[in-house]
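structure-v3.pdb follows; it contains PDB, C-alpha atoms.
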```
ATOM      1  CA  MET A   1      11.499 -20.398 -15.028
ATOM      2  CA  LYS A   2      10.078 -19.257 -11.700
ATOM      3  CA  VAL A   3       7.938 -16.097 -11.754
ATOM      4  CA  LEU A   4       6.581 -14.133  -8.803
ATOM      5  CA  GLY A   5       3.311 -12.287  -9.440
ATOM      6  CA  ILE A   6       1.944  -9.272  -7.547
ATOM      7  CA  GLU A   7      -1.805  -8.539  -7.564
ATOM      8  CA  SER A   8      -2.934  -5.169  -6.178
ATOM      9  CA  THR A   9      -5.748  -3.835  -8.383
ATOM     10  CA  ALA A  10      -8.450  -3.404  -5.724
ATOM     11  CA  HIS A  11      -9.148  -4.867  -2.262
ATOM     12  CA  THR A  12      -6.558  -7.675  -2.432
ATOM     13  CA  ILE A  13      -2.803  -7.676  -2.102
ATOM     14  CA  GLY A  14      -1.761 -11.068  -3.418
ATOM     15  CA  ILE A  15       1.510 -12.762  -4.273
ATOM     16  CA  GLY A  16       1.792 -15.979  -6.246
ATOM     17  CA  ILE A  17       4.770 -17.961  -7.494
ATOM     18  CA  VAL A  18       4.594 -20.143 -10.603
ATOM     19  CA  GLU A  19       7.188 -22.444 -12.134
ATOM     20  CA  LYS A  20       7.219 -23.343 -15.829
ATOM     21  CA  ALA A  21       9.564 -26.151 -16.826
ATOM     22  CA  ASN A  22       9.597 -29.001 -19.357
ATOM     23  CA  GLY A  23       6.223 -27.974 -20.746
ATOM     24  CA  LYS A  24       4.547 -28.111 -17.341
ATOM     25  CA  THR A  25       3.231 -25.340 -15.100
ATOM     26  CA  VAL A  26       3.112 -25.672 -11.323
ATOM     27  CA  ILE A  27       1.698 -23.136  -8.860
ATOM     28  CA  LEU A  28       4.195 -23.090  -5.991
ATOM     29  CA  ALA A  29       2.473 -20.467  -3.846
ATOM     30  CA  ASN A  30      -0.615 -18.264  -3.726
ATOM     31  CA  LYS A  31      -1.016 -16.011  -0.690
ATOM     32  CA  LYS A  32      -3.059 -12.862  -0.119
ATOM     33  CA  SER A  33      -4.534 -10.363   2.322
ATOM     34  CA  VAL A  34      -7.961  -8.843   1.663
ATOM     35  CA  PHE A  35      -9.111  -5.453   2.924
ATOM     36  CA  LYS A  36     -12.551  -5.696   4.525
ATOM     37  CA  ALA A  37     -15.059  -2.849   4.613
ATOM     38  CA  VAL A  38     -18.365  -3.289   6.442
ATOM     39  CA  GLY A  39     -21.336  -1.158   5.398
ATOM     40  CA  LYS A  40     -19.297   1.253   3.279
ATOM     41  CA  GLY A  41     -17.492   1.479  -0.025
ATOM     42  CA  PHE A  42     -13.755   1.247  -0.542
ATOM     43  CA  VAL A  43     -11.600   4.312   0.151
ATOM     44  CA  PRO A  44      -8.550   4.232  -2.181
ATOM     45  CA  THR A  45      -6.100   5.551   0.400
ATOM     46  CA  GLU A  46      -7.263   2.983   2.959
ATOM     47  CA  LEU A  47      -6.843   0.183   0.423
ATOM     48  CA  ALA A  48      -3.347   1.354  -0.485
ATOM     49  CA  GLY A  49      -2.423   1.607   3.193
ATOM     50  CA  HIS A  50      -3.593  -1.941   3.765
ATOM     51  CA  HIS A  51      -1.606  -3.242   0.788
ATOM     52  CA  ALA A  52       1.580  -1.455   1.809
ATOM     53  CA  ALA A  53       1.259  -2.614   5.424
ATOM     54  CA  ASN A  54       0.654  -6.248   4.476
ATOM     55  CA  PHE A  55       2.969  -6.657   1.477
ATOM     56  CA  GLY A  56       5.949  -7.888   3.464
ATOM     57  CA  LYS A  57       3.852 -10.418   5.387
ATOM     58  CA  VAL A  58       2.214 -11.813   2.226
ATOM     59  CA  LEU A  59       5.575 -11.967   0.428
ATOM     60  CA  GLY A  60       7.091 -13.899   3.317
ATOM     61  CA  GLU A  61       4.182 -16.350   3.336
ATOM     62  CA  ALA A  62       4.429 -16.915  -0.421
ATOM     63  CA  LEU A  63       8.183 -17.507  -0.327
ATOM     64  CA  ALA A  64       7.797 -19.874   2.626
ATOM     65  CA  GLN A  65       5.049 -21.833   0.863
ATOM     66  CA  SER A  66       7.157 -22.149  -2.282
ATOM     67  CA  GLY A  67      10.321 -23.084  -0.403
ATOM     68  CA  LEU A  68      12.229 -20.382  -2.301
ATOM     69  CA  HIS A  69      14.218 -17.280  -1.466
ATOM     70  CA  LEU A  70      13.817 -14.084  -3.443
ATOM     71  CA  ALA A  71      17.140 -14.784  -5.147
ATOM     72  CA  GLY A  72      15.632 -17.958  -6.593
ATOM     73  CA  ILE A  73      12.990 -16.035  -8.540
ATOM     74  CA  ASP A  74      13.738 -15.599 -12.260
ATOM     75  CA  ALA A  75      11.248 -12.816 -13.056
ATOM     76  CA  ILE A  76       8.625 -10.573 -11.458
ATOM     77  CA  ALA A  77       5.140  -9.850 -12.814
ATOM     78  CA  TYR A  78       2.725  -7.235 -11.519
ATOM     79  CA  SER A  79      -0.817  -6.117 -12.293
ATOM     80  CA  LYS A  80      -0.400  -3.097 -14.556
ATOM     81  CA  GLY A  81      -4.155  -2.383 -14.673
ATOM     82  CA  PRO A  82      -7.054  -1.865 -14.842
ATOM     83  CA  GLY A  83      -7.741  -1.007 -11.233
ATOM     84  CA  ILE A  84      -7.670   1.635  -8.507
ATOM     85  CA  GLY A  85      -4.682   3.911  -8.985
ATOM     86  CA  THR A  86      -3.470   4.003  -5.391
ATOM     87  CA  CYS A  87      -3.637   0.206  -5.187
ATOM     88  CA  LEU A  88      -1.891  -0.360  -8.502
ATOM     89  CA  ARG A  89       0.932   1.927  -7.410
ATOM     90  CA  VAL A  90       1.648  -0.229  -4.361
ATOM     91  CA  GLY A  91       2.162  -3.270  -6.580
ATOM     92  CA  ALA A  92       4.190  -1.341  -9.154
ATOM     93  CA  THR A  93       6.382   0.198  -6.441
ATOM     94  CA  ALA A  94       6.974  -3.243  -4.951
ATOM     95  CA  ALA A  95       7.941  -4.603  -8.372
ATOM     96  CA  CYS A  96      10.319  -1.661  -8.849
ATOM     97  CA  TYR A  97      11.938  -2.310  -5.474
ATOM     98  CA  MET A  98      12.317  -6.018  -6.162
ATOM     99  CA  ARG A  99      13.859  -5.346  -9.573
ATOM    100  CA  ALA A 100      16.404  -3.022  -7.981
ATOM    101  CA  ARG A 101      17.196  -5.585  -5.311
ATOM    102  CA  THR A 102      17.389  -8.693  -7.505
ATOM    103  CA  GLN A 103      18.141  -7.328 -11.006
ATOM    104  CA  LYS A 104      15.429  -9.652 -12.333
ATOM    105  CA  PRO A 105      13.226  -8.748 -15.336
ATOM    106  CA  VAL A 106       9.799  -7.269 -14.644
ATOM    107  CA  VAL A 107       6.674  -7.619 -16.798
ATOM    108  CA  GLY A 108       3.408  -5.685 -16.465
ATOM    109  CA  VAL A 109       0.319  -7.887 -16.831
ATOM    110  CA  ASN A 110      -3.214  -6.916 -17.784
ATOM    111  CA  HIS A 111      -5.380  -7.945 -14.820
ATOM    112  CA  CYS A 112      -8.294  -9.127 -16.995
ATOM    113  CA  LEU A 113      -5.954 -11.154 -19.220
ATOM    114  CA  ALA A 114      -4.618 -12.889 -16.098
ATOM    115  CA  HIS A 115      -8.142 -13.954 -15.098
ATOM    116  CA  VAL A 116      -8.802 -15.307 -18.585
ATOM    117  CA  GLU A 117      -5.517 -17.159 -19.026
ATOM    118  CA  ILE A 118      -5.523 -19.005 -15.714
ATOM    119  CA  ALA A 119      -9.174 -19.987 -16.250
ATOM    120  CA  LYS A 120      -8.377 -21.396 -19.703
ATOM    121  CA  TRP A 121      -5.447 -23.331 -18.273
ATOM    122  CA  GLN A 122      -7.415 -24.764 -15.351
ATOM    123  CA  ALA A 123     -10.422 -25.650 -17.511
ATOM    124  CA  GLY A 124      -8.210 -27.144 -20.229
ATOM    125  CA  LEU A 125      -9.978 -25.149 -22.954
ATOM    126  CA  ALA A 126      -8.161 -23.670 -25.939
ATOM    127  CA  ASP A 127     -10.476 -21.198 -27.687
ATOM    128  CA  PRO A 128     -13.543 -20.440 -25.580
ATOM    129  CA  LEU A 129     -16.044 -17.658 -25.365
ATOM    130  CA  VAL A 130     -15.091 -15.935 -22.114
ATOM    131  CA  LEU A 131     -17.578 -14.542 -19.625
ATOM    132  CA  TYR A 132     -15.556 -12.253 -17.365
ATOM    133  CA  VAL A 133     -17.597 -11.181 -14.342
ATOM    134  CA  SER A 134     -16.009  -9.227 -11.503
ATOM    135  CA  GLY A 135     -16.506  -6.114  -9.399
ATOM    136  CA  GLY A 136     -15.450  -3.680 -12.084
ATOM    137  CA  ASN A 137     -16.132  -5.702 -15.232
ATOM    138  CA  THR A 138     -18.784  -7.727 -17.001
ATOM    139  CA  GLN A 139     -17.559  -8.670 -20.463
ATOM    140  CA  LEU A 140     -17.998 -11.228 -23.230
ATOM    141  CA  ILE A 141     -14.565 -11.840 -24.784
ATOM    142  CA  ILE A 142     -13.118 -13.847 -27.680
ATOM    143  CA  ARG A 143      -9.568 -14.318 -28.931
ATOM    144  CA  ASP A 144      -8.834 -12.800 -32.344
ATOM    145  CA  GLY A 145      -5.251 -13.258 -33.474
ATOM    146  CA  ARG A 146      -2.881 -11.366 -31.190
ATOM    147  CA  ARG A 147      -5.652  -9.684 -29.216
ATOM    148  CA  TYR A 148      -8.751 -10.454 -27.232
ATOM    149  CA  ASN A 149     -11.860  -8.644 -28.456
ATOM    150  CA  VAL A 150     -14.722  -7.526 -26.226
ATOM    151  CA  ILE A 151     -17.975  -8.304 -28.061
ATOM    152  CA  GLY A 152     -20.327  -7.370 -25.235
ATOM    153  CA  GLU A 153     -19.964  -5.619 -21.883
ATOM    154  CA  THR A 154     -21.625  -3.621 -19.155
ATOM    155  CA  LEU A 155     -22.574  -0.084 -20.099
ATOM    156  CA  ASP A 156     -22.574   1.130 -16.503
ATOM    157  CA  ILE A 157     -21.437  -0.996 -13.537
ATOM    158  CA  GLY A 158     -19.986  -4.481 -13.232
ATOM    159  CA  LEU A 159     -22.060  -7.366 -11.892
ATOM    160  CA  GLY A 160     -19.884  -7.577  -8.793
ATOM    161  CA  ASN A 161     -20.348  -3.855  -8.205
ATOM    162  CA  LEU A 162     -24.117  -4.396  -8.363
ATOM    163  CA  PHE A 163     -23.935  -7.095  -5.684
ATOM    164  CA  ASP A 164     -21.456  -5.195  -3.498
ATOM    165  CA  SER A 165     -23.510  -1.982  -3.548
ATOM    166  CA  PHE A 166     -26.753  -3.772  -2.753
ATOM    167  CA  ALA A 167     -25.093  -5.835  -0.009
ATOM    168  CA  ARG A 168     -23.753  -2.653   1.602
ATOM    169  CA  SER A 169     -27.316  -1.335   1.710
ATOM    170  CA  LEU A 170     -28.145  -4.398   3.819
ATOM    171  CA  LYS A 171     -24.991  -3.917   5.947
ATOM    172  CA  LEU A 172     -23.652  -7.349   4.999
ATOM    173  CA  GLU A 173     -20.088  -8.275   5.916
ATOM    174  CA  HIS A 174     -17.224  -8.575   3.455
ATOM    175  CA  PRO A 175     -16.897 -10.528   1.198
ATOM    176  CA  THR A 176     -20.326  -9.232   0.282
ATOM    177  CA  GLY A 177     -20.787 -11.442  -2.801
ATOM    178  CA  SER A 178     -20.638 -14.705  -0.866
ATOM    179  CA  GLU A 179     -22.743 -13.250   1.965
ATOM    180  CA  LEU A 180     -25.391 -12.178  -0.546
ATOM    181  CA  GLU A 181     -25.346 -15.669  -2.070
ATOM    182  CA  LYS A 182     -26.017 -17.172   1.366
ATOM    183  CA  LEU A 183     -28.828 -14.680   2.002
ATOM    184  CA  ALA A 184     -30.496 -15.531  -1.320
ATOM    185  CA  ALA A 185     -30.830 -19.220  -0.396
ATOM    186  CA  GLY A 186     -34.508 -20.118  -0.043
ATOM    187  CA  GLY A 187     -35.736 -16.787  -1.371
ATOM    188  CA  LYS A 188     -38.830 -16.307  -3.515
ATOM    189  CA  TYR A 189     -38.795 -14.524  -6.847
ATOM    190  CA  LEU A 190     -39.982 -10.927  -7.162
ATOM    191  CA  PRO A 191     -40.337  -9.407 -10.665
ATOM    192  CA  MET A 192     -37.489  -6.989 -11.419
ATOM    193  CA  PRO A 193     -36.377  -4.838 -14.375
ATOM    194  CA  TYR A 194     -34.589  -6.796 -17.100
ATOM    195  CA  SER A 195     -32.363  -4.897 -19.501
ATOM    196  CA  LEU A 196     -30.146  -6.301 -22.236
ATOM    197  CA  LYS A 197     -29.055  -4.309 -25.281
ATOM    198  CA  ALA A 198     -27.755  -6.729 -27.920
ATOM    199  CA  MET A 199     -24.903  -8.315 -25.914
ATOM    200  CA  ASN A 200     -24.423  -5.317 -23.622
ATOM    201  CA  PHE A 201     -25.666  -5.125 -20.044
ATOM    202  CA  THR A 202     -26.975  -2.399 -17.754
ATOM    203  CA  PHE A 203     -27.221  -3.078 -14.022
ATOM    204  CA  SER A 204     -27.608   0.308 -12.287
ATOM    205  CA  GLY A 205     -31.386   0.421 -12.760
ATOM    206  CA  LEU A 206     -31.679  -3.065 -11.299
ATOM    207  CA  GLN A 207     -29.652  -1.937  -8.285
ATOM    208  CA  THR A 208     -31.882   1.100  -7.704
ATOM    209  CA  TYR A 209     -35.043  -0.998  -7.984
ATOM    210  CA  ALA A 210     -33.748  -3.647  -5.561
ATOM    211  CA  GLU A 211     -32.701  -1.048  -2.988
ATOM    212  CA  LYS A 212     -36.194   0.503  -3.079
ATOM    213  CA  LEU A 213     -37.644  -2.867  -2.068
ATOM    214  CA  ILE A 214     -35.620  -2.996   1.172
ATOM    215  CA  GLY A 215     -37.998  -2.799   4.124
ATOM    216  CA  ASN A 216     -41.004  -3.813   2.041
ATOM    217  CA  TYR A 217     -40.027  -7.419   1.286
ATOM    218  CA  PRO A 218     -37.886 -10.050   3.048
ATOM    219  CA  PRO A 219     -34.179  -9.465   2.319
ATOM    220  CA  ASN A 220     -33.670 -13.044   1.108
ATOM    221  CA  ASP A 221     -36.450 -12.622  -1.479
ATOM    222  CA  ILE A 222     -34.857  -9.419  -2.792
ATOM    223  CA  ALA A 223     -31.366 -10.951  -2.875
ATOM    224  CA  TYR A 224     -32.627 -14.067  -4.652
ATOM    225  CA  SER A 225     -34.544 -12.047  -7.220
ATOM    226  CA  LEU A 226     -31.624  -9.705  -7.843
ATOM    227  CA  MET A 227     -29.292 -12.615  -8.540
ATOM    228  CA  GLU A 228     -31.753 -14.583 -10.666
ATOM    229  CA  THR A 229     -32.606 -11.560 -12.811
ATOM    230  CA  SER A 230     -29.016 -10.405 -13.335
ATOM    231  CA  PHE A 231     -27.802 -13.940 -14.049
ATOM    232  CA  ALA A 232     -30.615 -14.455 -16.561
ATOM    233  CA  MET A 233     -29.491 -11.292 -18.354
ATOM    234  CA  VAL A 234     -25.899 -12.516 -18.415
ATOM    235  CA  CYS A 235     -26.902 -15.966 -19.681
ATOM    236  CA  GLU A 236     -28.974 -14.465 -22.487
ATOM    237  CA  GLY A 237     -25.957 -12.395 -23.515
ATOM    238  CA  VAL A 238     -23.789 -15.523 -23.433
ATOM    239  CA  GLU A 239     -26.290 -17.460 -25.542
ATOM    240  CA  LYS A 240     -26.376 -14.699 -28.150
ATOM    241  CA  ALA A 241     -22.560 -14.625 -28.226
ATOM    242  CA  LEU A 242     -22.345 -18.394 -28.650
ATOM    243  CA  THR A 243     -24.799 -18.219 -31.550
ATOM    244  CA  ILE A 244     -22.938 -15.407 -33.294
ATOM    245  CA  THR A 245     -19.403 -16.733 -32.775
ATOM    246  CA  GLY A 246     -20.122 -20.442 -33.127
ATOM    247  CA  LYS A 247     -17.837 -21.185 -30.171
ATOM    248  CA  LYS A 248     -18.026 -24.674 -28.702
ATOM    249  CA  GLU A 249     -16.259 -23.807 -25.449
ATOM    250  CA  LEU A 250     -17.240 -21.420 -22.649
ATOM    251  CA  ILE A 251     -15.429 -20.312 -19.521
ATOM    252  CA  ALA A 252     -16.495 -18.045 -16.676
ATOM    253  CA  CYS A 253     -13.833 -16.162 -14.730
ATOM    254  CA  GLY A 254     -13.565 -13.320 -12.232
ATOM    255  CA  GLY A 255     -14.806 -13.054  -8.663
ATOM    256  CA  VAL A 256     -18.507 -13.369  -9.484
ATOM    257  CA  ALA A 257     -17.787 -16.626 -11.335
ATOM    258  CA  CYS A 258     -17.424 -18.213  -7.875
ATOM    259  CA  ASN A 259     -21.213 -18.036  -7.523
ATOM    260  CA  LYS A 260     -22.617 -21.576  -7.624
ATOM    261  CA  ARG A 261     -25.961 -20.535  -9.072
ATOM    262  CA  LEU A 262     -24.334 -18.658 -11.951
ATOM    263  CA  GLN A 263     -22.132 -21.653 -12.707
ATOM    264  CA  GLU A 264     -25.199 -23.915 -12.603
ATOM    265  CA  MET A 265     -27.093 -21.716 -15.079
ATOM    266  CA  LEU A 266     -24.105 -21.521 -17.435
ATOM    267  CA  SER A 267     -23.589 -25.269 -17.201
ATOM    268  CA  LEU A 268     -27.226 -25.964 -18.094
ATOM    269  CA  LEU A 269     -27.062 -23.490 -20.978
ATOM    270  CA  SER A 270     -23.883 -25.121 -22.272
ATOM    271  CA  GLU A 271     -25.298 -28.619 -21.984
ATOM    272  CA  ASP A 272     -28.383 -27.575 -23.945
ATOM    273  CA  ARG A 273     -26.216 -26.132 -26.736
ATOM    274  CA  GLY A 274     -23.603 -28.880 -26.834
ATOM    275  CA  VAL A 275     -20.899 -26.543 -25.502
ATOM    276  CA  THR A 276     -18.093 -27.477 -23.107
ATOM    277  CA  PHE A 277     -18.206 -25.297 -19.979
ATOM    278  CA  GLY A 278     -15.364 -24.709 -17.526
ATOM    279  CA  ALA A 279     -14.237 -22.395 -14.728
ATOM    280  CA  SER A 280     -11.305 -21.972 -12.379
ATOM    281  CA  ALA A 281     -11.279 -23.104  -8.791
ATOM    282  CA  ASN A 282     -12.561 -20.262  -6.607
ATOM    283  CA  GLU A 283      -9.036 -19.558  -5.340
ATOM    284  CA  PHE A 284      -8.115 -18.433  -8.845
ATOM    285  CA  ASN A 285     -11.411 -16.743  -9.755
ATOM    286  CA  VAL A 286     -10.989 -14.135  -7.030
ATOM    287  CA  ASP A 287      -8.116 -11.675  -7.353
ATOM    288  CA  ASN A 288      -4.848 -13.478  -6.665
ATOM    289  CA  GLY A 289      -1.133 -13.305  -7.354
ATOM    290  CA  ALA A 290      -0.859 -16.746  -8.959
ATOM    291  CA  MET A 291      -2.848 -15.673 -12.017
ATOM    292  CA  VAL A 292      -0.491 -12.701 -12.490
ATOM    293  CA  ALA A 293       2.568 -14.929 -12.122
ATOM    294  CA  PHE A 294       1.073 -17.515 -14.493
ATOM    295  CA  THR A 295       0.313 -14.959 -17.207
ATOM    296  CA  GLY A 296       3.619 -13.163 -16.726
ATOM    297  CA  ALA A 297       5.466 -16.460 -17.152
ATOM    298  CA  LYS A 298       3.500 -17.275 -20.291
ATOM    299  CA  LEU A 299       4.205 -13.824 -21.768
ATOM    300  CA  LEU A 300       7.931 -14.071 -21.073
ATOM    301  CA  GLU A 301       8.086 -17.617 -22.418
ATOM    302  CA  CYS A 302       6.527 -16.365 -25.677
ATOM    303  CA  GLY A 303       9.066 -13.569 -26.103
ATOM    304  CA  PHE A 304       7.273 -10.630 -24.475
ATOM    305  CA  LYS A 305       9.793  -7.895 -23.670
ATOM    306  CA  PRO A 306      10.132  -6.975 -19.970
ATOM    307  CA  GLU A 307       9.829  -3.407 -18.709
ATOM    308  CA  THR A 308      13.124  -1.631 -19.370
ATOM    309  CA  ARG A 309      12.541   1.797 -17.881
ATOM    310  CA  GLU A 310       9.641   3.066 -15.790
ATOM    311  CA  ILE A 311       7.405   0.450 -14.184
ATOM    312  CA  ALA A 312       4.090   2.083 -15.016
ATOM    313  CA  ILE A 313       0.417   1.513 -14.268
ATOM    314  CA  ASN A 314      -2.700   2.070 -16.378
ATOM    315  CA  GLN A 315      -5.986   2.394 -14.471
ATOM    316  CA  ASP A 316      -8.020   1.996 -17.695
ATOM    317  CA  TYR A 317      -6.006  -0.829 -19.257
ATOM    318  CA  ARG A 318      -8.599  -2.851 -21.199
ATOM    319  CA  ILE A 319      -7.986  -6.427 -22.254
ATOM    320  CA  ASP A 320      -8.510  -5.454 -25.908
ATOM    321  CA  GLN A 321      -5.558  -3.060 -25.577
ATOM    322  CA  ALA A 322      -3.141  -5.813 -24.582
ATOM    323  CA  LYS A 323      -1.152  -6.926 -27.641
ATOM    324  CA  LEU A 324       0.054 -10.492 -27.315
ATOM    325  CA  PRO A 325       3.209 -12.199 -28.626
ATOM    326  CA  LYS A 326       2.757 -14.202 -31.829
ATOM    327  CA  THR A 327       3.093 -17.547 -30.080
ATOM    328  CA  PHE A 328       1.027 -16.671 -27.005
TER
END
```
Structure re-expressed in structure tokens:
Amino acid sequence: MKVLGIESTAHTIGIGIVEKANGKTVILANKKSVFKAVGKGFVPTELAGHHAANFGKVLGEALAQSGLHLAGIDAIAYSKGPGIGTCLRVGATAACYMRARTQKPVVGVNHCLAHVEIAKWQAGLADPLVLYVSGGNTQLIIRDGRRYNVIGETLDIGLGNLFDSFARSLKLEHPTGSELEKLAAGGKYLPMPYSLKAMNFTFSGLQTYAEKLIGNYPPNDIAYSLMETSFAMVCEGVEKALTITGKKELIACGGVACNKRLQEMLSLLSEDRGVTFGASANEFNVDNGAMVAFTGAKLLECGFKPETREIAINQDYRIDQAKLPKTF
């Protein structure tokens, strides 16, 4: 079975192609185009315009990389949500068009679930505690039967949102997360507010405090302190979750999981507790089409029913709302 996946939840239009056969999974293609905004936030209509303008190019690149034609695809998966409505609609419209053209089945995939599933597969872990850290989300997740449960999460903004907003205040270039990581190298620690409520996080106060320091302290000191403080909060939440759940495996996924310092802290924490830690390659931590194709293929293989009527989106589609097939 060959599945094409469309990712369009936020700043990235991505297309991946995955083949599942004889118990093996192979990623045949993973191409994308990322909208870049310098010194400002994302405007939904601009993002959607970028995705629509670049869809054909990215599709052509993915098909060329895979060596396939569209007729050789067995099914189409798309990011159903959560995400920015205008962006999600581009992906859903593309899936609708491709279904009409090819008569292939279409499956809507929860974006967060896609991050989790490809990370589990790449790390080779079966039942981990999941730390999902991205622009819009910061969550602690465990599998419970036919659902994933969120046992801790941000109460205001995601960790990636914290970094993006602060980086924009410094007029850093996109991708702001990696630029902020570079800036933080060699910085000195400045005390900052630390807030953790059980296993729930709050980051907006930390953002406000850090922005007030701009102009009074070296930018690399502020960036370093912001990352160290927020990562310490996240690691404390992870440690609490490991204690409560008794999990012996841990994965980090999502765009912020690319951060080397965060991975180092989680690795040290895991080693201290006798826990196996894993993460995806950065290509699959950031938003990408391959993770959508991978999860769509897994859903279909386990008997998930394709979309039969309207190909819909859900901007607020939480991972704990995604019901899984029995054998998933």
Legend entry - Given all atoms listed in the file as the counted atoms, nearest of A:His11, A:His51, A:Lys31, A:Lys260 to Ala184 (chain A):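 Going through A:His11, A:His51, A:Lys31, A:Lys260 one by one, the smallest distance to Ala184 (chain A) is for A:Lys260.
Computed from the coordinates, the CA of Thr327 (chain A) to CA of Ile141 (chain A) distance equals 19.3 Å.
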List, as a PDB file with C-alpha atoms, keeping the file's coordinate frame, every residue that the PyMOL selection byres ((chain A and resi 259) around 10) selects in the file provided.
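Produced file part.pdb, reproduced below:
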```pdb
ATOM      1  CA  GLY A 177     -20.787 -11.442  -2.801  1.00  0.00           C
ATOM      2  CA  SER A 178     -20.638 -14.705  -0.866  1.00  0.00           C
ATOM      3  CA  GLU A 181     -25.346 -15.669  -2.070  1.00  0.00           C
ATOM      4  CA  MET A 227     -29.292 -12.615  -8.540  1.00  0.00           C
ATOM      5  CA  GLY A 255     -14.806 -13.054  -8.663  1.00  0.00           C
ATOM      6  CA  VAL A 256     -18.507 -13.369  -9.484  1.00  0.00           C
ATOM      7  CA  ALA A 257     -17.787 -16.626 -11.335  1.00  0.00           C
ATOM      8  CA  CYS A 258     -17.424 -18.213  -7.875  1.00  0.00           C
ATOM      9  CA  LYS A 260     -22.617 -21.576  -7.624  1.00  0.00           C
ATOM     10  CA  ARG A 261     -25.961 -20.535  -9.072  1.00  0.00           C
ATOM     11  CA  LEU A 262     -24.334 -18.658 -11.951  1.00  0.00           C
ATOM     12  CA  GLN A 263     -22.132 -21.653 -12.707  1.00  0.00           C
ATOM     13  CA  GLU A 264     -25.199 -23.915 -12.603  1.00  0.00           C
ATOM     14  CA  ASN A 282     -12.561 -20.262  -6.607  1.00  0.00           C
TER      15      ASN A 282
END
```
Legend entry - Shell of 7 Å around Ala77 (chain A), all atoms listed in the file, local chain residues under 2 positions omitted, as a PyMOL selection string: chain A and resi 3-6+75+106-109+292-293+296
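Among A:Leu63, A:Val18, A:Ile151, A:Ala10, the residue with the shortest atom-to-atom distance to Lys36 (chain A), counting all atoms listed in the file, is A:Ala10.
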Inset, instruction - Pick out the closest residue to Ala281 (chain A) from this set: A:Asn54, A:Gln122, A:Thr93, A:Thr138. Count all atoms listed in the file. - result: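 The answer is A:Gln122, which sits nearest to Ala281 (chain A).
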Legend entry - Top pick for closest residue to Ala241 (chain A), considering A:Ala279, A:Leu266, A:Met199, A:Ile222 and counting all atoms listed in the file: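 Closest residue, counting all atoms listed in the file: A:Met199.
Between CA of Gly136 (chain A) and CA of Arg309 (chain A) lies a distance of 29.1 Å.
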Inset, instruction - Could you tell me which of A:Gln207, A:Gly85, A:Ala252, A:Leu47 comes closest to Leu140 (chain A) if we count all atoms listed in the file? - result: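 Of A:Gln207, A:Gly85, A:Ala252, A:Leu47, the one nearest Leu140 (chain A) is A:Ala252, counting all atoms listed in the file.
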Inset, instruction - For CA of Leu172 (chain A) and CA of Ile214 (chain A), determine how far apart the two atoms are, in Å to one decimal place. - result: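 Going from CA of Leu172 (chain A) over to CA of Ile214 (chain A) covers 13.3 Å.
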